[in-house]
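Asks: For reference, this is upload-v4.txt, and it has compact mmCIF, C-alpha atoms and all ligand atoms.
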```txt
# COMPACT_ATOMS: atom_id res chain seq x y z
CA MET J 1 0.00 0.00 0.00
CA SER J 2 1.50 3.37 -0.95
CA VAL J 3 1.79 6.05 1.73
CA SER J 4 -0.19 9.14 0.75
CA GLN J 5 1.96 12.24 0.39
CA ASP J 6 1.43 15.63 1.98
CA PRO J 7 -0.58 17.53 -0.67
CA CYS J 8 1.08 20.82 0.34
CA ALA J 9 4.58 19.47 -0.32
CA LYS J 10 6.20 20.24 -3.65
CA PRO J 11 9.59 18.94 -4.75
CA THR J 12 10.71 22.53 -5.33
CA LEU J 13 10.22 23.52 -1.70
CA LEU J 14 13.45 23.76 0.28
CA HIS J 15 14.02 21.87 3.52
CA PRO J 16 14.31 24.50 6.29
CA ASP J 17 17.80 23.24 7.20
CA ASP J 18 18.90 23.86 3.61
CA ALA J 19 17.04 27.14 3.39
CA LEU J 20 18.45 28.65 6.57
CA PRO J 21 22.06 29.09 5.32
CA LYS J 22 20.65 30.77 2.20
CA LEU J 23 18.48 33.06 4.31
CA LEU J 24 21.43 33.87 6.54
CA GLN J 25 23.54 34.80 3.52
CA GLN J 26 21.19 37.71 2.99
CA ILE J 27 21.82 39.14 6.43
CA THR J 28 24.60 41.61 7.12
CA THR J 29 25.46 42.14 10.77
CA LEU J 30 24.91 45.69 12.01
CA GLU J 31 28.10 47.70 12.00
CA ALA J 32 27.28 50.16 14.75
CA THR J 33 28.42 49.41 18.28
CA GLU J 34 28.15 51.34 21.51
CA ALA J 35 29.66 51.29 24.98
CA VAL J 36 27.19 50.45 27.75
CA ALA J 37 27.50 50.20 31.49
CA LEU J 38 27.57 46.58 32.60
CA THR J 39 24.40 47.18 34.60
CA ASP J 40 22.63 47.89 31.29
CA ALA J 41 24.27 45.12 29.29
CA LEU J 42 21.92 42.21 30.00
CA GLY J 43 20.59 40.74 26.75
CA ARG J 44 23.02 42.71 24.57
CA VAL J 45 25.60 41.14 22.26
CA LEU J 46 29.27 41.72 22.94
CA ALA J 47 31.02 43.53 20.07
CA GLU J 48 34.58 42.88 21.30
CA ASP J 49 36.69 40.03 22.60
CA LEU J 50 37.30 40.43 26.32
CA SER J 51 40.56 39.42 27.98
CA SER J 52 41.30 39.56 31.64
CA GLY J 53 43.45 42.41 32.91
CA ILE J 54 43.86 40.70 36.26
CA GLU J 55 44.74 37.30 37.63
CA MET J 56 41.82 35.37 39.02
CA PRO J 57 41.97 34.65 41.80
CA PRO J 58 44.41 37.50 42.49
CA PHE J 59 45.93 35.64 45.48
CA ASP J 60 46.06 32.06 46.83
CA ASN J 61 42.91 31.65 48.90
CA SER J 62 41.00 29.08 50.84
CA GLY J 63 38.15 27.05 49.39
CA MET J 64 36.94 26.08 52.87
CA ASP J 65 36.48 27.37 56.40
CA GLY J 66 39.24 25.65 58.34
CA TYR J 67 42.95 25.87 59.13
CA ALA J 68 45.85 26.74 56.84
CA TYR J 69 49.01 24.75 57.54
CA ARG J 70 52.20 23.55 55.85
CA PHE J 71 51.60 20.06 54.40
CA ASP J 72 55.05 18.80 55.44
CA ASP J 73 54.41 19.76 59.07
CA LEU J 74 51.72 17.13 59.45
CA PRO J 75 52.71 13.65 58.19
CA GLN J 76 50.27 12.09 60.68
CA THR J 77 47.46 13.38 62.79
CA GLY J 78 49.04 15.97 64.95
CA THR J 79 48.69 19.19 66.82
CA LEU J 80 49.70 22.59 65.50
CA LYS J 81 49.92 25.92 67.28
CA LEU J 82 47.32 28.48 66.20
CA ILE J 83 49.09 31.81 65.59
CA GLY J 84 46.48 33.95 63.88
CA ARG J 85 43.57 34.30 61.57
CA SER J 86 42.97 35.13 57.93
CA PHE J 87 39.44 36.24 57.13
CA ALA J 88 37.98 37.30 53.78
CA GLY J 89 39.13 40.87 53.24
CA HIS J 90 41.34 40.72 56.37
CA PRO J 91 44.53 38.79 55.58
CA PHE J 92 46.85 37.40 58.26
CA THR J 93 49.51 39.97 59.04
CA GLY J 94 51.90 37.76 60.98
CA LYS J 95 54.76 35.56 59.72
CA PHE J 96 54.82 31.85 58.96
CA GLU J 97 56.43 29.65 61.58
CA PRO J 98 57.00 25.89 61.26
CA GLY J 99 54.53 23.76 63.23
CA THR J 100 51.81 26.40 63.28
CA CYS J 101 48.46 26.93 61.64
CA VAL J 102 46.21 29.89 60.87
CA ARG J 103 42.45 29.95 61.25
CA ILE J 104 41.14 30.66 57.75
CA MET J 105 37.76 31.34 56.15
CA THR J 106 36.56 30.68 52.61
CA GLY J 107 37.99 33.25 50.20
CA ALA J 108 40.58 34.50 52.66
CA GLU J 109 44.23 34.74 51.62
CA VAL J 110 46.37 31.69 52.36
CA PRO J 111 49.37 33.32 54.05
CA ALA J 112 52.86 32.86 52.56
CA GLY J 113 54.51 29.71 53.87
CA TYR J 114 51.27 27.76 54.32
CA ASP J 115 50.18 25.58 51.43
CA THR J 116 47.23 23.45 52.48
CA VAL J 117 43.87 24.00 54.20
CA GLN J 118 42.11 21.40 56.31
CA MET J 119 38.38 21.96 56.74
CA GLN J 120 37.18 22.76 60.23
CA GLU J 121 35.10 19.56 60.39
CA GLN J 122 38.42 17.62 60.43
CA ALA J 123 39.90 19.70 63.25
CA GLN J 124 39.67 19.79 67.02
CA ALA J 125 40.53 22.94 68.88
CA ASP J 126 41.76 23.03 72.45
CA GLY J 127 42.61 26.67 73.07
CA ASP J 128 45.51 27.43 70.71
CA ASN J 129 46.26 23.77 70.12
CA ILE J 130 44.66 22.55 66.93
CA THR J 131 44.64 18.84 66.17
CA LEU J 132 44.16 18.19 62.45
CA GLU J 133 43.44 15.14 60.37
CA PRO J 134 46.14 15.57 57.65
CA CYS J 135 44.97 16.34 54.14
CA LYS J 136 45.65 13.71 51.47
CA LYS J 137 47.77 16.00 49.32
CA ARG J 138 49.59 19.30 49.37
CA GLY J 139 47.47 22.19 48.22
CA GLU J 140 44.15 20.66 49.18
CA ASN J 141 41.39 23.26 49.54
CA VAL J 142 43.66 26.01 48.23
CA ARG J 143 42.53 27.96 45.16
CA LEU J 144 45.77 29.03 43.54
CA ARG J 145 46.46 32.54 42.32
CA ALA J 146 45.60 32.78 38.57
CA GLY J 147 44.14 29.26 38.77
CA GLU J 148 41.11 30.41 36.80
CA LEU J 149 42.49 33.29 34.74
CA ALA J 150 45.94 34.56 33.80
CA ILE J 151 46.51 38.17 32.73
CA GLY J 152 45.63 38.48 29.04
CA GLN J 153 43.55 35.31 28.97
CA LYS J 154 40.47 35.57 26.77
CA VAL J 155 37.26 35.29 28.78
CA LEU J 156 34.53 36.09 26.25
CA THR J 157 34.46 36.31 22.49
CA ARG J 158 32.77 38.87 20.26
CA GLY J 159 29.24 37.75 19.51
CA SER J 160 28.56 36.35 22.98
CA LEU J 161 25.09 37.06 24.28
CA ILE J 162 25.36 38.74 27.67
CA ARG J 163 23.25 36.65 30.02
CA ALA J 164 23.45 36.50 33.79
CA ALA J 165 26.57 34.29 33.64
CA GLU J 166 28.36 36.71 31.29
CA MET J 167 27.40 39.65 33.54
CA GLY J 168 29.18 37.78 36.32
CA VAL J 169 32.22 36.91 34.17
CA ILE J 170 32.63 40.54 33.06
CA ALA J 171 32.31 41.80 36.61
CA THR J 172 34.85 39.20 37.76
CA ILE J 173 37.52 40.87 35.62
CA GLY J 174 36.46 44.27 36.89
CA LEU J 175 34.97 45.86 33.75
CA ALA J 176 32.28 48.44 34.46
CA SER J 177 31.37 48.91 30.80
CA VAL J 178 31.54 46.89 27.59
CA ARG J 179 31.14 47.48 23.86
CA VAL J 180 28.01 45.91 22.40
CA TYR J 181 26.24 45.92 19.04
CA ARG J 182 23.54 48.49 18.77
CA ARG J 183 20.07 47.08 19.26
CA VAL J 184 18.31 45.75 16.19
CA LYS J 185 15.14 47.67 15.34
CA VAL J 186 12.18 45.61 14.23
CA ALA J 187 8.91 47.09 12.96
CA PHE J 188 5.99 44.71 12.78
CA PHE J 189 2.34 44.66 11.83
CA SER J 190 -0.49 42.20 11.36
CA THR J 191 -2.55 42.07 8.19
CA GLY J 192 -6.15 40.95 7.90
CA ASP J 193 -9.62 42.48 7.57
CA GLU J 194 -10.88 39.95 10.11
CA LEU J 195 -8.58 41.12 12.90
CA ARG J 196 -9.96 43.24 15.70
CA PRO J 197 -8.15 45.04 18.50
CA LEU J 198 -8.41 43.68 22.04
CA GLY J 199 -11.26 45.26 23.99
CA SER J 200 -13.55 45.58 20.97
CA GLU J 201 -16.62 43.44 20.41
CA LEU J 202 -16.27 40.80 17.73
CA GLN J 203 -18.68 40.94 14.81
CA PRO J 204 -19.44 37.85 12.73
CA GLY J 205 -16.32 36.62 10.94
CA GLN J 206 -13.92 38.53 13.16
CA ILE J 207 -11.19 37.35 15.56
CA TYR J 208 -8.79 39.12 17.86
CA ASP J 209 -5.33 39.91 16.58
CA SER J 210 -3.19 37.59 18.69
CA ASN J 211 -0.04 37.36 16.59
CA ARG J 212 1.12 40.87 17.34
CA TYR J 213 1.18 40.06 21.04
CA ALA J 214 3.11 36.82 20.59
CA ILE J 215 5.58 38.60 18.29
CA LYS J 216 5.95 41.47 20.74
CA GLY J 217 6.63 38.95 23.51
CA LEU J 218 9.34 37.25 21.48
CA LEU J 219 10.96 40.53 20.42
CA GLU J 220 10.90 41.97 23.89
CA ARG J 221 12.53 38.85 25.32
CA LEU J 222 15.17 39.10 22.63
CA GLY J 223 15.96 42.62 23.74
CA VAL J 224 15.45 44.20 20.34
CA GLU J 225 13.90 47.63 19.83
CA TRP J 226 10.44 47.22 18.36
CA LEU J 227 7.85 49.36 16.70
CA ASP J 228 4.29 48.04 16.61
CA LEU J 229 2.44 49.37 13.57
CA GLY J 230 -0.84 47.70 14.50
CA VAL J 231 -3.26 45.90 12.22
CA ILE J 232 -3.22 46.79 8.54
CA LYS J 233 -6.24 46.10 6.34
CA ASP J 234 -6.07 43.69 3.41
CA ASP J 235 -5.73 46.54 1.04
CA ARG J 236 -2.81 47.15 -1.31
CA GLU J 237 -2.33 50.83 -0.52
CA SER J 238 -2.58 50.43 3.25
CA ILE J 239 -0.01 47.64 3.14
CA ARG J 240 2.23 49.68 0.83
CA HIS J 241 2.06 52.64 3.22
CA ALA J 242 2.84 50.41 6.23
CA PHE J 243 5.82 48.86 4.45
CA ARG J 244 7.27 52.24 3.58
CA GLU J 245 6.88 53.51 7.12
CA ALA J 246 8.34 50.34 8.62
CA ALA J 247 11.31 50.20 6.24
CA SER J 248 12.20 53.83 6.88
CA VAL J 249 12.88 53.19 10.58
CA ALA J 250 13.69 49.50 11.02
CA ASP J 251 16.45 47.02 10.27
CA MET J 252 13.83 44.30 9.93
CA VAL J 253 10.19 44.46 8.91
CA LEU J 254 8.10 41.60 10.22
CA THR J 255 4.54 40.94 9.12
CA SER J 256 2.05 38.23 9.89
CA GLY J 257 -0.64 37.08 7.49
CA GLY J 258 -1.23 37.69 3.84
CA VAL J 259 1.70 35.71 2.46
CA SER J 260 -0.21 32.72 1.14
CA VAL J 261 -2.06 32.59 -2.15
CA GLY J 262 -5.53 33.75 -1.10
CA GLU J 263 -7.24 36.51 -3.02
CA ALA J 264 -6.69 39.00 -0.22
CA ASP J 265 -3.04 38.06 0.34
CA PHE J 266 -1.42 41.28 -0.77
CA THR J 267 1.72 41.27 1.38
CA LYS J 268 3.74 39.35 -1.15
CA GLN J 269 2.35 41.27 -4.11
CA VAL J 270 3.09 44.66 -2.59
CA LEU J 271 6.54 43.57 -1.60
CA ASP J 272 7.25 42.43 -5.14
CA GLU J 273 6.60 46.03 -6.15
CA GLU J 274 8.20 47.88 -3.23
CA GLY J 275 11.20 45.65 -2.63
CA GLU J 276 12.20 42.13 -3.44
CA ILE J 277 11.07 38.71 -2.30
CA THR J 278 14.00 36.34 -2.39
CA PHE J 279 12.37 33.40 -0.66
CA TRP J 280 8.89 32.13 -0.43
CA LYS J 281 7.61 28.83 0.88
CA LEU J 282 9.53 26.11 2.64
CA ALA J 283 9.00 22.37 3.07
CA MET J 284 7.95 22.76 6.68
CA LYS J 285 4.78 22.36 8.68
CA PRO J 286 3.54 24.56 10.12
CA GLY J 287 4.96 27.56 8.30
CA LYS J 288 5.14 26.71 4.62
CA PRO J 289 4.32 30.20 3.26
CA PHE J 290 7.27 31.95 4.95
CA ALA J 291 8.55 34.84 2.85
CA MET J 292 11.83 36.69 3.05
CA GLY J 293 13.30 39.54 1.09
CA HIS J 294 14.17 43.15 1.56
CA ILE J 295 12.55 46.51 1.29
CA GLY J 296 14.96 49.40 1.04
CA LYS J 297 17.73 48.65 3.52
CA ALA J 298 15.47 46.60 5.78
CA VAL J 299 15.25 42.83 5.83
CA PHE J 300 11.71 41.62 5.32
CA CYS J 301 10.25 38.50 6.92
CA GLY J 302 6.64 37.64 6.15
CA LEU J 303 5.23 35.13 8.59
CA PRO J 304 2.14 33.10 7.82
CA GLY J 305 -0.95 34.27 9.71
CA ASN J 306 -1.98 31.11 11.49
CA PRO J 307 -0.82 31.81 15.04
CA VAL J 308 1.19 28.62 15.50
CA SER J 309 2.80 29.07 12.08
CA THR J 310 3.73 32.61 13.08
CA MET J 311 5.50 31.46 16.22
CA VAL J 312 7.14 28.42 14.65
CA THR J 313 8.55 30.37 11.70
CA PHE J 314 9.73 33.08 14.07
CA TYR J 315 11.40 30.51 16.25
CA LYS J 316 13.01 28.42 13.53
CA LEU J 317 13.85 31.11 10.95
CA VAL J 318 13.54 34.69 12.19
CA LEU J 319 15.44 34.01 15.40
CA PRO J 320 18.67 32.92 13.69
CA LEU J 321 18.35 35.86 11.29
CA LEU J 322 17.95 38.30 14.17
CA HIS J 323 20.89 36.68 15.94
CA LYS J 324 23.09 37.29 12.91
CA LEU J 325 21.80 40.85 12.46
CA GLN J 326 22.73 41.70 16.02
CA GLY J 327 26.15 40.08 15.73
CA MET J 328 25.48 37.00 17.80
CA GLN J 329 27.31 33.74 17.26
CA PRO J 330 25.02 31.10 15.74
CA VAL J 331 23.12 28.97 18.22
CA THR J 332 22.69 25.29 17.42
CA PRO J 333 19.39 24.13 18.89
CA LEU J 334 19.77 21.33 21.41
CA GLN J 335 18.20 18.11 20.12
CA LEU J 336 17.44 15.06 22.24
CA GLN J 337 15.95 11.67 21.62
CA ALA J 338 12.79 10.75 23.50
CA THR J 339 10.35 7.87 23.35
CA LEU J 340 6.97 8.72 21.90
CA THR J 341 4.17 7.72 24.24
CA SER J 342 1.33 7.88 21.70
CA PRO J 343 1.32 7.56 17.91
CA ILE J 344 1.64 10.55 15.58
CA SER J 345 0.10 10.72 12.16
CA LYS J 346 2.14 12.43 9.45
CA LYS J 347 2.36 12.39 5.70
CA PRO J 348 5.76 12.40 4.00
CA GLY J 349 6.65 15.64 2.25
CA ARG J 350 7.50 18.33 4.79
CA VAL J 351 9.54 18.60 7.98
CA GLU J 352 7.10 18.90 10.84
CA TYR J 353 7.61 20.75 14.09
CA GLN J 354 4.86 19.24 16.18
CA ARG J 355 4.30 20.72 19.59
CA GLY J 356 5.29 18.25 22.29
CA ILE J 357 5.44 17.77 26.01
CA LEU J 358 8.77 16.35 27.07
CA SER J 359 9.08 14.69 30.46
CA ARG J 360 10.75 11.84 32.31
CA ASN J 361 9.02 8.59 33.12
CA ALA J 362 9.38 6.69 36.40
CA ASP J 363 12.53 4.98 35.07
CA GLY J 364 14.13 8.36 34.36
CA ALA J 365 13.88 7.97 30.56
CA LEU J 366 12.85 10.91 28.37
CA THR J 367 9.38 10.56 26.92
CA VAL J 368 7.33 12.85 24.74
CA CYS J 369 3.74 13.17 23.59
CA THR J 370 2.11 15.74 21.38
CA THR J 371 -0.06 18.49 22.83
CA GLY J 372 -3.05 17.05 20.94
CA SER J 373 -4.47 18.75 17.87
CA GLN J 374 -1.72 20.15 15.70
CA ASP J 375 -3.97 22.54 13.83
CA SER J 376 -1.86 25.62 13.25
CA SER J 377 -4.70 27.92 14.27
CA GLN J 378 -4.63 26.64 17.86
CA MET J 379 -2.23 28.87 19.74
CA SER J 380 -2.85 26.99 22.97
CA SER J 381 -0.64 24.19 21.63
CA MET J 382 2.36 26.52 21.95
CA HIS J 383 1.36 27.26 25.51
CA SER J 384 1.08 23.60 26.57
CA ALA J 385 4.24 22.53 24.77
CA ASN J 386 7.79 22.64 26.04
CA CYS J 387 9.45 21.28 22.89
CA PHE J 388 9.10 20.64 19.19
CA ILE J 389 8.92 17.05 18.03
CA VAL J 390 10.95 17.24 14.84
CA LEU J 391 9.73 14.79 12.21
CA GLU J 392 11.88 14.51 9.11
CA GLN J 393 10.64 15.40 5.65
CA MET J 394 10.09 11.93 4.22
CA GLN J 395 8.98 10.43 7.54
CA GLY J 396 5.44 9.04 7.60
CA SER J 397 3.32 8.32 10.67
CA VAL J 398 5.19 7.29 13.81
CA ALA J 399 4.14 4.47 16.13
CA ALA J 400 4.15 4.77 19.91
CA ASP J 401 7.37 3.60 21.64
CA THR J 402 9.50 4.92 18.77
CA LEU J 403 12.46 7.19 19.52
CA VAL J 404 11.90 10.66 18.05
CA THR J 405 13.97 13.84 17.93
CA VAL J 406 12.84 16.65 20.20
CA GLU J 407 14.03 20.23 20.46
CA PRO J 408 13.34 21.77 23.90
CA PHE J 409 12.05 25.35 23.75
CA ASN J 410 14.21 28.16 24.96
CA SER J 411 12.35 28.65 28.23
CA VAL J 412 13.02 32.39 28.18
CA LEU J 413 11.32 32.85 24.82
CA CYS J 414 8.26 30.62 24.80
P1 LIG R 1 -3.36 34.46 6.30
O1 LIG R 1 -1.92 34.05 6.42
O2 LIG R 1 -3.55 35.92 6.25
O3 LIG R 1 -3.99 33.74 5.14
O4 LIG R 1 -4.10 33.96 7.61
C1 LIG R 1 -4.16 32.58 7.93
C2 LIG R 1 -5.02 32.37 9.16
O5 LIG R 1 -4.45 33.01 10.26
C3 LIG R 1 -6.42 32.93 9.04
O6 LIG R 1 -7.31 32.06 9.70
C4 LIG R 1 -6.34 34.25 9.79
O7 LIG R 1 -7.58 34.67 10.29
C5 LIG R 1 -5.37 33.92 10.89
N1 LIG R 1 -4.64 35.11 11.31
C6 LIG R 1 -3.96 35.94 10.48
N2 LIG R 1 -3.42 36.94 11.19
C7 LIG R 1 -3.74 36.74 12.48
C8 LIG R 1 -3.45 37.43 13.69
N3 LIG R 1 -2.73 38.54 13.68
N4 LIG R 1 -3.93 36.93 14.85
C9 LIG R 1 -4.68 35.80 14.84
N5 LIG R 1 -4.95 35.08 13.74
C10 LIG R 1 -4.51 35.55 12.56
MG MG R 2 -5.04 37.24 5.97
```
If you took the structure in this file and wrote it as structure tokens, what would it be?

Replies:
Amino acid sequence: MSVSQDPCAKPTLLHPDDALPKLLQQITTLEATEAVALTDALGRVLAEDLSSGIEMPPFDNSGMDGYAYRFDDLPQTGTLKLIGRSFAGHPFTGKFEPGTCVRIMTGAEVPAGYDTVQMQEQAQADGDNITLEPCKKRGENVRLRAGELAIGQKVLTRGSLIRAAEMGVIATIGLASVRVYRRVKVAFFSTGDELRPLGSELQPGQIYDSNRYAIKGLLERLGVEWLDLGVIKDDRESIRHAFREAASVADMVLTSGGVSVGEADFTKQVLDEEGEITFWKLAMKPGKPFAMGHIGKAVFCGLPGNPVSTMVTFYKLVLPLLHKLQGMQPVTPLQLQATLTSPISKKPGRVEYQRGILSRNADGALTVCTTGSQDSSQMSSMHSANCFIVLEQMQGSVAADTLVTVEPFNSVLC
């Protein structure tokens, strides 16, 4: 029995993995950079390599609360004379003497002459006489000067996204400001005569415009500057006007709706006149009628109007394009294998990004099921999902208990 093919798949449609490098070729990273205070740098992209101007740690210090001693002084359990203390920010000011120890706290300087720290749980104090269980090796619990970073050592490369960890790394080497790429500006609008603003009463045939809110959420999380141009009617001149306005201020113009082949789908037509469409339609589901091109100096991305298609094409295609625009190093999505807990029906022809729920079963193995209906109009499937189940182009239906590829969502974005 022959497997029926996906009627929307055409041999000319490009696989999204093959299309992405071609889409990326059309993106030129912004040239402009600016210096920002580290406190304002979260979510920005570093426009310079950063090397450390200091040693880290700057001095030998203790990794434990305990006693600093000289390893050779204590071949067996023995008692050492306590001659002082070294606390964080308050180093020991005395001089090393054989057969002695210094009370030391985590992060405090290990005084010259001492080379090992025994944790306080392995010590017994009787006045100034400290009996220590000897450490197994010299240097135990001592974090050596420059053990993490030498002067001149590279700590971050250009194109790194500054997240909380990078904020910490930059502060560790004492930089109060960094050079970052200027923020990308994205102007976006929805198209559709059926779309109504929130707060209005729906008339027959109307729905609320939800895509603009999902897009705004994604853009805001990405830290780009955005301009919301609202809902534009399915009317050539209104769309033309919106395109011109958007392209005059933005690096990227993002639209949702109107890129398929319906009679009121003017986005593509107007763009053919005002700019250039270089890509249209991909072998993916949802999201086949994704369009890309340019209008003036701005990159254009036309997302299909079905809400799930809008988010999926943003996630799989617009995100890497935005990353490149803002100078970020490419991110390879993490893919895992998980066992499908219920069957999935699919026709060969397009790559599918089904919305899935990834979890662990009682044995600790990764399992995944779909969120239910995969109709691309049902936005709630993006809400319930925590991953895409990626089903390859020529793959047909998948039986339960099969291993499938899953791509966990970036929990900050979705
Ligand atoms: P289109 O891509 O314009 O043909 O729209 C495809 C489907 O998505 C239609 O059912 C539209 O009503 C719906 N749609 C388009 N834009 C939006 C939007 N901004 N919010 C919610 N649904 C939309
Ligand atoms: Mg429409």

Asks: Rank J:Lys10, J:His241, J:Arg360, J:Lys285 by their smallest atom-to-atom distance to Asp375 (chain J), using all atoms listed in the file, and report the top residue only.

Replies: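 Distance minimum relative to Asp375 (chain J) lands on J:Lys285.
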
Asks: Which is closer to Asn306 (chain J) than all the others in J:Val45, J:Ile83, J:Met379, J:Val331, using only C-alpha atoms?

Replies: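 Residue with the minimum atom-to-atom distance to Asn306 (chain J): J:Met379.
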
Asks: Distance CA of Ser238 (chain J)-CA of Phe266 (chain J), one decimal place?

Replies: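 Separation between CA of Ser238 (chain J) and CA of Phe266 (chain J): 10.1 Å.
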
Asks: Which chains and residue numbers are within 6 Å of ligand MG 2 (chain R), counting all atoms listed in the file, if I want them as a PyMOL selection string?

Replies: chain J and resi 191-192+257-258

Asks: Which residue, J:Asp128, J:Glu194, J:Glu273, J:Asp228, has the smallest gap to ligand LIG 1 (chain R) when you use only C-alpha atoms and all ligand atoms?

Replies: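 Answer, going by the shortest atom-to-atom distance: J:Glu194.
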
Asks: Rank J:Thr100, J:Thr267, J:Gln124, J:Thr93 by their smallest atom-to-atom distance to ligand LIG 1 (chain R), using only C-alpha atoms and all ligand atoms, and report the top residue only.

Replies: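 When distances to ligand LIG 1 (chain R) are compared using only C-alpha atoms and all ligand atoms, the smallest one comes from J:Thr267.
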
Asks: Which one of J:Leu23, J:Leu80, J:Val351, J:Val110 sits closest to Glu140 (chain J) if you count only C-alpha atoms?

Replies: J:Val110

Asks: Calculate how many Å separate CA of Gly356 (chain J) from CA of Val224 (chain J), rounding to one decimal.

Replies: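 Between CA of Gly356 (chain J) and CA of Val224 (chain J) the gap is 27.9 Å.
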
Asks: Pick from J:Tyr315, J:Phe409, J:Phe188, J:Trp226: nearest to ligand LIG 1 (chain R), with only C-alpha atoms and all ligand atoms counted?

Replies: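 Using only C-alpha atoms and all ligand atoms, ligand LIG 1 (chain R) sits closest to J:Phe188.
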
Asks: Tell me, in Å to one decimal, how far CA of Met328 (chain J) is from CA of Ile162 (chain J).

Replies: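 Pair CA of Met328 (chain J) / CA of Ile162 (chain J) returns 10.0 Å.
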
Asks: Restore N, CA and C atoms in region 212-223 of chain J and list the result as a short mmCIF file (atom, residue, chain, number, x, y, z; two decimals), in the frame of the given file.

Replies:
```
data_model
loop_
_atom_site.label_atom_id
_atom_site.label_comp_id
_atom_site.auth_asym_id
_atom_site.auth_seq_id
_atom_site.Cartn_x
_atom_site.Cartn_y
_atom_site.Cartn_z
N ARG J 212 0.29 39.71 16.99
CA ARG J 212 1.12 40.87 17.34
C ARG J 212 1.61 40.77 18.78
N TYR J 213 0.80 40.16 19.62
CA TYR J 213 1.18 40.06 21.04
C TYR J 213 2.25 38.99 21.23
N ALA J 214 2.09 37.88 20.50
CA ALA J 214 3.11 36.82 20.59
C ALA J 214 4.43 37.35 20.03
N ILE J 215 4.35 38.05 18.91
CA ILE J 215 5.58 38.60 18.29
C ILE J 215 6.23 39.62 19.22
N LYS J 216 5.41 40.46 19.81
CA LYS J 216 5.95 41.47 20.74
C LYS J 216 6.65 40.77 21.91
N GLY J 217 6.03 39.70 22.40
CA GLY J 217 6.63 38.95 23.51
C GLY J 217 7.99 38.40 23.11
N LEU J 218 8.07 37.82 21.94
CA LEU J 218 9.34 37.25 21.48
C LEU J 218 10.39 38.35 21.31
N LEU J 219 9.99 39.46 20.68
CA LEU J 219 10.96 40.53 20.42
C LEU J 219 11.45 41.16 21.72
N GLU J 220 10.51 41.33 22.64
CA GLU J 220 10.90 41.97 23.89
C GLU J 220 11.89 41.09 24.66
N ARG J 221 11.61 39.78 24.66
CA ARG J 221 12.53 38.85 25.32
C ARG J 221 13.90 38.85 24.66
N LEU J 222 13.90 39.10 23.36
CA LEU J 222 15.17 39.10 22.63
C LEU J 222 15.94 40.40 22.84
N GLY J 223 15.27 41.36 23.44
CA GLY J 223 15.96 42.62 23.74
C GLY J 223 16.14 43.51 22.52
#
```
